[in-house]
$ cat input_35.txt   # compact mmCIF, C-alpha atoms
# COMPACT_ATOMS: atom_id res chain seq x y z
CA LEU A 1 0.00 0.00 0.00
CA ALA A 2 2.87 2.37 0.79
CA ARG A 3 4.22 1.88 -2.76
CA ASP A 4 0.92 3.04 -4.25
CA ARG A 5 1.28 6.81 -4.31
CA SER A 6 -2.38 7.54 -4.98
CA ALA A 7 -3.53 5.25 -2.17
CA LEU A 8 -0.97 6.79 0.18
CA LEU A 9 -2.26 10.24 -0.75
CA GLY A 10 -5.80 9.11 0.01
CA LEU A 11 -4.69 7.74 3.38
CA ILE A 12 -2.98 11.05 4.23
CA ILE A 13 -6.13 13.00 3.36
CA ILE A 14 -8.25 10.73 5.56
CA MET A 15 -5.78 11.04 8.43
CA LEU A 16 -5.97 14.83 8.12
CA LEU A 17 -9.75 14.59 8.27
CA ILE A 18 -9.55 12.49 11.44
CA VAL A 19 -7.09 14.93 13.02
CA ALA A 20 -9.34 17.86 12.13
CA ALA A 21 -12.37 16.06 13.56
CA ILE A 22 -10.63 15.23 16.85
CA PHE A 23 -8.71 18.46 17.42
CA ALA A 24 -11.14 20.96 15.87
CA PRO A 25 -11.60 22.97 19.13
CA TRP A 26 -7.82 23.47 19.34
CA LEU A 27 -7.10 23.97 15.62
CA ALA A 28 -9.86 26.56 15.15
CA THR A 29 -8.64 30.16 15.29
CA HIS A 30 -12.03 31.44 16.49
CA PRO A 31 -13.91 28.51 18.09
CA ASP A 32 -16.75 30.70 19.35
CA ALA A 33 -17.21 32.25 15.91
CA ALA A 34 -18.04 28.80 14.51
CA TRP A 35 -21.34 28.77 16.42
CA GLU A 36 -22.17 32.35 17.38
CA MET A 37 -23.51 35.09 15.09
CA ASN A 38 -21.69 38.40 14.66
CA PRO A 39 -23.44 40.41 11.91
CA SER A 40 -20.98 43.29 12.22
CA LYS A 41 -18.26 41.06 10.72
CA ARG A 42 -20.30 39.39 8.00
CA LEU A 43 -18.71 38.50 4.64
CA LEU A 44 -15.20 39.67 5.47
CA PRO A 45 -12.61 38.47 2.91
CA PRO A 46 -9.72 36.20 3.94
CA GLY A 47 -7.07 37.96 5.98
CA ASP A 48 -4.82 37.77 9.02
CA THR A 49 -7.72 37.66 11.48
CA TYR A 50 -10.04 35.35 9.56
CA TRP A 51 -7.92 33.06 7.39
CA LEU A 52 -10.79 31.95 5.15
CA GLY A 53 -13.06 34.94 5.65
CA THR A 54 -16.46 35.04 7.32
CA ASP A 55 -19.95 33.93 6.31
CA ARG A 56 -23.26 35.76 6.07
CA MET A 57 -23.71 35.78 9.86
CA GLY A 58 -20.14 36.77 10.69
CA GLY A 59 -18.98 33.24 11.50
CA ASP A 60 -15.37 32.25 10.86
CA VAL A 61 -15.41 30.03 7.75
CA TYR A 62 -12.16 28.28 8.69
CA SER A 63 -13.45 27.37 12.15
CA ARG A 64 -16.81 26.27 10.80
CA VAL A 65 -15.15 23.98 8.23
CA LEU A 66 -13.09 22.40 11.03
CA PHE A 67 -16.13 21.87 13.24
CA GLY A 68 -17.97 20.42 10.24
CA ALA A 69 -15.35 17.65 9.95
CA PRO A 70 -16.53 15.59 12.98
CA ILE A 71 -20.14 15.95 11.87
CA THR A 72 -19.30 14.73 8.37
CA LEU A 73 -17.19 11.86 9.69
CA MET A 74 -19.87 10.84 12.19
CA ILE A 75 -22.56 10.72 9.50
CA ALA A 76 -20.40 8.59 7.21
CA ILE A 77 -19.23 6.15 9.89
CA ILE A 78 -22.68 5.53 11.36
CA ALA A 79 -24.46 5.32 8.00
CA VAL A 80 -21.92 2.97 6.41
CA GLY A 81 -21.65 0.93 9.63
CA ALA A 82 -25.41 0.48 9.77
CA SER A 83 -25.45 -0.50 6.10
CA LEU A 84 -22.79 -3.11 6.84
CA LEU A 85 -24.81 -4.55 9.71
CA ILE A 86 -27.87 -4.84 7.48
CA GLY A 87 -26.39 -5.75 4.11
CA VAL A 88 -23.65 -8.23 4.97
CA PRO A 89 -25.82 -10.70 6.98
CA LEU A 90 -28.56 -10.54 4.36
CA GLY A 91 -26.04 -11.19 1.58
CA LEU A 92 -24.55 -14.15 3.46
CA VAL A 93 -27.95 -15.70 4.10
CA ALA A 94 -29.20 -15.13 0.56
CA GLY A 95 -25.99 -16.44 -1.01
CA TRP A 96 -25.72 -19.52 1.17
CA TYR A 97 -29.31 -20.73 1.33
CA GLY A 98 -30.54 -19.48 -2.03
CA SER A 99 -33.99 -20.87 -2.98
CA TRP A 100 -37.00 -18.65 -2.30
CA LEU A 101 -35.35 -16.82 0.62
CA GLY A 102 -32.44 -15.71 -1.52
CA ASP A 103 -34.80 -14.63 -4.29
CA VAL A 104 -36.90 -12.54 -1.89
CA LEU A 105 -33.84 -10.81 -0.41
CA MET A 106 -32.28 -10.14 -3.81
CA ARG A 107 -35.47 -8.82 -5.35
CA THR A 108 -35.91 -6.53 -2.34
CA SER A 109 -32.40 -5.16 -2.80
CA ASP A 110 -33.08 -4.75 -6.53
CA ILE A 111 -36.06 -2.56 -5.72
CA PHE A 112 -33.84 -0.23 -3.70
CA LEU A 113 -31.10 -0.28 -6.36
CA ALA A 114 -33.61 0.52 -9.11
CA VAL A 115 -34.06 4.01 -7.65
CA PRO A 116 -31.01 6.33 -7.52
CA GLN A 117 -29.80 6.51 -3.93
CA ILE A 118 -29.87 10.30 -3.77
CA VAL A 119 -33.51 10.39 -4.89
CA LEU A 120 -34.57 7.76 -2.38
CA ALA A 121 -32.54 9.42 0.40
CA ILE A 122 -34.17 12.77 -0.35
CA ALA A 123 -37.63 11.19 -0.19
CA ILE A 124 -36.91 9.51 3.16
CA ALA A 125 -35.22 12.57 4.70
CA GLN A 126 -38.00 14.87 3.51
CA THR A 127 -40.64 12.58 4.99
CA LEU A 128 -38.88 12.30 8.35
CA GLY A 129 -37.91 15.96 8.59
CA PRO A 130 -34.59 17.83 8.44
CA SER A 131 -32.02 16.66 11.01
CA ILE A 132 -28.69 14.89 11.16
CA GLN A 133 -30.30 11.78 12.66
CA ASN A 134 -32.77 11.50 9.79
CA VAL A 135 -29.99 11.97 7.23
CA ILE A 136 -28.08 9.07 8.81
CA LEU A 137 -31.23 6.93 8.76
CA ALA A 138 -31.96 7.81 5.14
CA LEU A 139 -28.41 6.97 4.05
CA SER A 140 -28.42 3.69 5.98
CA LEU A 141 -31.72 2.58 4.46
CA THR A 142 -30.53 3.32 0.92
CA TYR A 143 -26.95 2.00 0.96
CA TRP A 144 -27.29 -1.49 2.44
CA PRO A 145 -28.32 -3.14 -0.89
CA TRP A 146 -24.83 -2.50 -2.28
CA PHE A 147 -23.31 -4.66 0.44
CA THR A 148 -26.04 -7.28 0.07
CA ARG A 149 -25.50 -7.65 -3.66
CA LEU A 150 -21.71 -7.79 -3.27
CA VAL A 151 -21.71 -10.38 -0.47
CA TYR A 152 -24.37 -12.45 -2.23
CA ALA A 153 -22.26 -12.78 -5.39
CA GLU A 154 -19.09 -13.62 -3.44
CA THR A 155 -20.90 -16.17 -1.27
CA ARG A 156 -22.44 -17.94 -4.27
CA SER A 157 -19.00 -18.19 -5.82
CA LEU A 158 -17.40 -19.55 -2.63
CA LYS A 159 -20.01 -22.28 -2.24
CA ASN A 160 -18.40 -24.15 -5.14
CA GLU A 161 -14.90 -24.08 -3.64
CA VAL A 162 -13.38 -27.37 -2.51
CA PHE A 163 -12.75 -26.31 1.08
CA ILE A 164 -16.41 -25.30 1.49
CA GLU A 165 -17.66 -28.55 -0.01
CA SER A 166 -15.30 -30.46 2.28
CA SER A 167 -16.70 -28.68 5.33
CA VAL A 168 -20.24 -29.53 4.25
CA ALA A 169 -19.26 -33.17 3.71
CA LEU A 170 -17.78 -33.32 7.21
CA GLY A 171 -21.10 -32.18 8.67
CA VAL A 172 -19.97 -28.72 9.84
CA PRO A 173 -23.02 -26.61 10.74
CA PRO A 174 -23.90 -23.95 8.14
CA TRP A 175 -23.59 -21.08 10.60
CA ARG A 176 -20.05 -22.18 11.43
CA ILE A 177 -19.08 -22.40 7.77
CA ILE A 178 -20.53 -18.96 7.11
CA LEU A 179 -18.78 -17.29 10.05
CA LEU A 180 -15.40 -19.07 9.92
CA HIS A 181 -14.93 -19.76 6.20
CA VAL A 182 -17.22 -17.63 4.03
CA LEU A 183 -17.12 -14.32 5.89
CA PRO A 184 -13.30 -14.09 6.14
CA ASN A 185 -13.05 -14.78 2.40
CA VAL A 186 -15.49 -12.00 1.48
CA ALA A 187 -13.87 -9.51 3.87
CA SER A 188 -11.59 -8.02 1.18
CA PRO A 189 -14.33 -6.77 -1.17
CA ILE A 190 -16.33 -5.60 1.86
CA ILE A 191 -13.40 -3.48 3.04
CA VAL A 192 -12.97 -1.95 -0.42
CA ARG A 193 -16.70 -1.22 -0.73
CA THR A 194 -16.69 0.32 2.74
CA SER A 195 -13.87 2.72 1.86
CA ILE A 196 -15.48 3.81 -1.40
CA GLY A 197 -18.88 3.93 0.32
CA MET A 198 -17.55 6.36 2.93
CA GLY A 199 -16.71 8.88 0.23
CA PHE A 200 -19.99 8.33 -1.59
CA THR A 201 -21.94 8.69 1.66
CA ILE A 202 -20.16 11.94 2.53
CA LEU A 203 -21.03 13.33 -0.91
CA THR A 204 -24.68 12.27 -0.58
CA ALA A 205 -24.90 13.69 2.95
CA ALA A 206 -23.52 16.99 1.68
CA SER A 207 -26.15 16.96 -1.07
CA LEU A 208 -28.90 16.48 1.50
CA GLY A 209 -27.41 19.28 3.58
CA PHE A 210 -27.33 21.49 0.50
CA LEU A 211 -31.07 20.90 0.08
CA GLY A 212 -31.70 21.86 3.71
CA LEU A 213 -32.49 18.33 4.87
CA GLY A 214 -29.45 17.88 7.11
CA ALA A 215 -28.01 19.88 9.98
CA GLN A 216 -29.84 23.09 10.76
CA PRO A 217 -28.22 26.47 11.62
CA PRO A 218 -26.08 27.29 13.49
CA THR A 219 -24.62 23.76 13.27
CA PRO A 220 -21.65 23.86 10.84
CA GLU A 221 -22.17 21.36 8.02
CA TRP A 222 -20.35 21.52 4.70
CA GLY A 223 -23.32 20.99 2.41
CA ARG A 224 -25.38 23.56 4.29
CA MET A 225 -22.53 26.08 4.08
CA ILE A 226 -22.38 25.71 0.29
CA SER A 227 -26.14 26.19 0.08
CA GLU A 228 -26.02 29.37 2.15
CA SER A 229 -23.21 30.81 0.02
CA ARG A 230 -25.08 30.71 -3.29
CA GLU A 231 -26.70 34.12 -3.02
CA PHE A 232 -23.34 35.81 -2.35
CA LEU A 233 -21.49 34.46 -5.39
CA PRO A 234 -19.27 35.47 -7.06
CA ASP A 235 -18.34 38.32 -4.69
CA ALA A 236 -17.90 36.20 -1.53
CA TRP A 237 -16.07 33.41 -3.37
CA TRP A 238 -14.30 32.25 -0.19
CA TYR A 239 -17.64 31.35 1.39
CA VAL A 240 -18.22 28.43 -0.99
CA LEU A 241 -14.58 27.59 -1.74
CA ALA A 242 -13.60 26.27 1.70
CA PRO A 243 -16.42 23.74 2.27
CA GLY A 244 -16.40 22.81 -1.40
CA LEU A 245 -12.71 21.92 -1.33
CA ALA A 246 -13.19 20.06 1.95
CA ILE A 247 -15.84 17.82 0.38
CA PHE A 248 -13.77 17.37 -2.77
CA PHE A 249 -10.58 16.27 -1.01
CA VAL A 250 -12.30 14.02 1.53
CA VAL A 251 -14.27 12.15 -1.16
CA LEU A 252 -11.13 11.96 -3.30
CA GLY A 253 -9.18 10.57 -0.35
CA PHE A 254 -11.63 7.75 0.33
CA ASN A 255 -11.83 6.85 -3.37
CA LEU A 256 -8.05 6.75 -3.75
CA LEU A 257 -7.70 4.64 -0.63
CA GLY A 258 -10.46 2.29 -1.84
CA ASP A 259 -8.69 1.76 -5.16
CA GLY A 260 -5.42 1.09 -3.35
CA LEU A 261 -7.02 -1.38 -0.96
CA ARG A 262 -8.61 -3.20 -3.88
CA ASP A 263 -5.19 -3.67 -5.47
CA VAL A 264 -3.63 -4.81 -2.19
CA LEU A 265 -6.41 -7.19 -1.13
CA ASP A 266 -7.18 -8.66 -4.56
CA PRO A 267 -4.17 -10.62 -5.91
CA LYS A 268 -5.75 -10.88 -9.37
CA THR A 269 -6.02 -7.12 -9.71
CA ARG A 270 -2.49 -6.66 -8.38
CA ARG A 271 -1.04 -9.13 -10.88
CA ALA A 272 -2.96 -7.51 -13.75
CA ARG A 273 -1.48 -4.11 -12.93
CA HIS A 274 2.05 -5.47 -12.97
CA VAL A 275 1.67 -7.28 -16.29

$ encode --input "input_35.txt" --output "structure tokens"
Amino acid sequence: LARDRSALLGLIIIMLLIVAAIFAPWLATHPDAAWEMNPSKRLLPPGDTYWLGTDRMGGDVYSRVLFGAPITLMIAIIAVGASLLIGVPLGLVAGWYGSWLGDVLMRTSDIFLAVPQIVLAIAIAQTLGPSIQNVILALSLTYWPWFTRLVYAETRSLKNEVFIESSVALGVPPWRIILLHVLPNVASPIIVRTSIGMGFTILTAASLGFLGLGAQPPTPEWGRMISESREFLPDAWWYVLAPGLAIFFVVLGFNLLGDGLRDVLDPKTRRARHV
């Protein structure tokens, strides 16, 4: 992984995001200005006092971007984690047992996949009302089919392997085969999908925030900040630039890391790249 420059770059970006999320209160130049309103200092350009300028309510853009990092990271971790808890078990069950149960689970996931995730997430978040909790719920309910479909395909493929057939012939219980033999062998694609899914979830969460369905003022959230900056463009260009670049680099970091992990964890892909 260290020899893959793009993957290493993605890892560095993610580490910077984690550092910003943990140490935001200490890295922020004006911590109070990230939450409090000060109309007398609204829309100030970048300078020595406010490194990235101020927003429409006089808040420090740099501090608000930093305090938006833990919110963004929390949404992604919880949403993707919940999708894992839903999608992976369903994929294992559907792939192993097949028959009518597998068909029901797969057709259910196909229904969710037939509708673009952002559209379905908007519908769910709009129905439940604008809040961070509802955004997390909407993202969790719309992303689990990706894990289900992935694990289902891998499990069906593994069922024909000799070591699985040998375990069945020896009378090993199905649950033991699934947990000790199938799950470890599908862990690699799950890890790659999780990394890429983190970036995709952050982008979708920012889109919901842009539409006003996520965090509500004065909570700093990157998508919401971009939405609020629209009416002040192009004069207050710094207002949209900071959160926009934050989203761009974080999503890029997760995608680069996901590609690197795929090459590291999949020997076939790694060999193909070296040929």

$ atom_distance --input "input_35.txt" --atom1 "CA of Asn134 in chain A" --atom2 "CA of Asp60 in chain A"
27.1 Å

$ residues_around --input "input_35.txt" --residues "range 99-115 of chain A" --least-positions-apart "6" --cutoff "12 Å" --atoms "all atoms listed in the file" --output "PyMOL selection string"
chain A and resi 86-93+121-123+139-153+155-156

$ atom_distance --input "input_35.txt" --atom1 "CA of Leu84 in chain A" --atom2 "CA of Ser195 in chain A"
11.8 Å

$ atom_distance --input "input_35.txt" --atom1 "CA of Leu44 in chain A" --atom2 "CA of Phe232 in chain A"
11.9 Å

$ closest_residue --input "input_35.txt" --among "A:Asp55, A:Glu221, A:Glu154, A:Asp4" --to "Gly68 in chain A" --atoms "all atoms listed in the file"
A:Glu221

$ closest_residue --input "input_35.txt" --among "A:Tyr239, A:Trp96, A:Phe23, A:Trp222" --to "Pro45 in chain A" --atoms "all atoms listed in the file"
A:Tyr239

$ closest_residue --input "input_35.txt" --among "A:Leu66, A:Ile18, A:Ile13, A:Ser229" --to "Pro31 in chain A" --atoms "only C-alpha atoms"
A:Leu66

$ residues_around --input "input_35.txt" --residues "Val80 in chain A" --least-positions-apart "5" --cutoff "7 Å" --atoms "all atoms listed in the file" --output "PyMOL selection string"
chain A and resi 140+194+197-198

$ residues_around --input "input_35.txt" --residues "Asn255 in chain A" --least-positions-apart "3" --cutoff "12 Å" --atoms "only C-alpha atoms" --output "short mmCIF file (atom, residue, chain, number, x, y, z; two decimals) with C-alpha atoms, keeping the file's coordinate frame"
data_model
loop_
_atom_site.label_atom_id
_atom_site.label_comp_id
_atom_site.auth_asym_id
_atom_site.auth_seq_id
_atom_site.Cartn_x
_atom_site.Cartn_y
_atom_site.Cartn_z
CA SER A 6 -2.38 7.54 -4.98
CA ALA A 7 -3.53 5.25 -2.17
CA LEU A 8 -0.97 6.79 0.18
CA LEU A 9 -2.26 10.24 -0.75
CA GLY A 10 -5.80 9.11 0.01
CA LEU A 11 -4.69 7.74 3.38
CA ILE A 13 -6.13 13.00 3.36
CA ILE A 14 -8.25 10.73 5.56
CA VAL A 192 -12.97 -1.95 -0.42
CA ARG A 193 -16.70 -1.22 -0.73
CA THR A 194 -16.69 0.32 2.74
CA SER A 195 -13.87 2.72 1.86
CA ILE A 196 -15.48 3.81 -1.40
CA GLY A 197 -18.88 3.93 0.32
CA MET A 198 -17.55 6.36 2.93
CA GLY A 199 -16.71 8.88 0.23
CA PHE A 200 -19.99 8.33 -1.59
CA THR A 201 -21.94 8.69 1.66
CA ILE A 202 -20.16 11.94 2.53
CA LEU A 203 -21.03 13.33 -0.91
CA PHE A 248 -13.77 17.37 -2.77
CA PHE A 249 -10.58 16.27 -1.01
CA VAL A 250 -12.30 14.02 1.53
CA VAL A 251 -14.27 12.15 -1.16
CA LEU A 252 -11.13 11.96 -3.30
CA GLY A 258 -10.46 2.29 -1.84
CA ASP A 259 -8.69 1.76 -5.16
CA GLY A 260 -5.42 1.09 -3.35
CA LEU A 261 -7.02 -1.38 -0.96
CA ARG A 262 -8.61 -3.20 -3.88
#

$ closest_residue --input "input_35.txt" --among "A:Gly53, A:Leu179, A:Gly209, A:Gly171" --to "Gln126 in chain A" --atoms "all atoms listed in the file"
A:Gly209

$ closest_residue --input "input_35.txt" --among "A:Asp235, A:Glu36, A:Asp263, A:Glu165" --to "Ile177 in chain A" --atoms "all atoms listed in the file"
A:Glu165

$ closest_residue --input "input_35.txt" --among "A:Ala69, A:Ile164, A:Leu211, A:Ala28" --to "Trp51 in chain A" --atoms "all atoms listed in the file"
A:Ala28

$ axis_aligned_box --input "input_35.txt" --around "range 115-118 of chain A" --padding-each-side "5 Å" --output "lines of an AutoDock Vina configuration file"
center_x = -31.9
center_y = 7.2
center_z = -5.7
size_x = 14.3
size_y = 16.3
size_z = 13.9
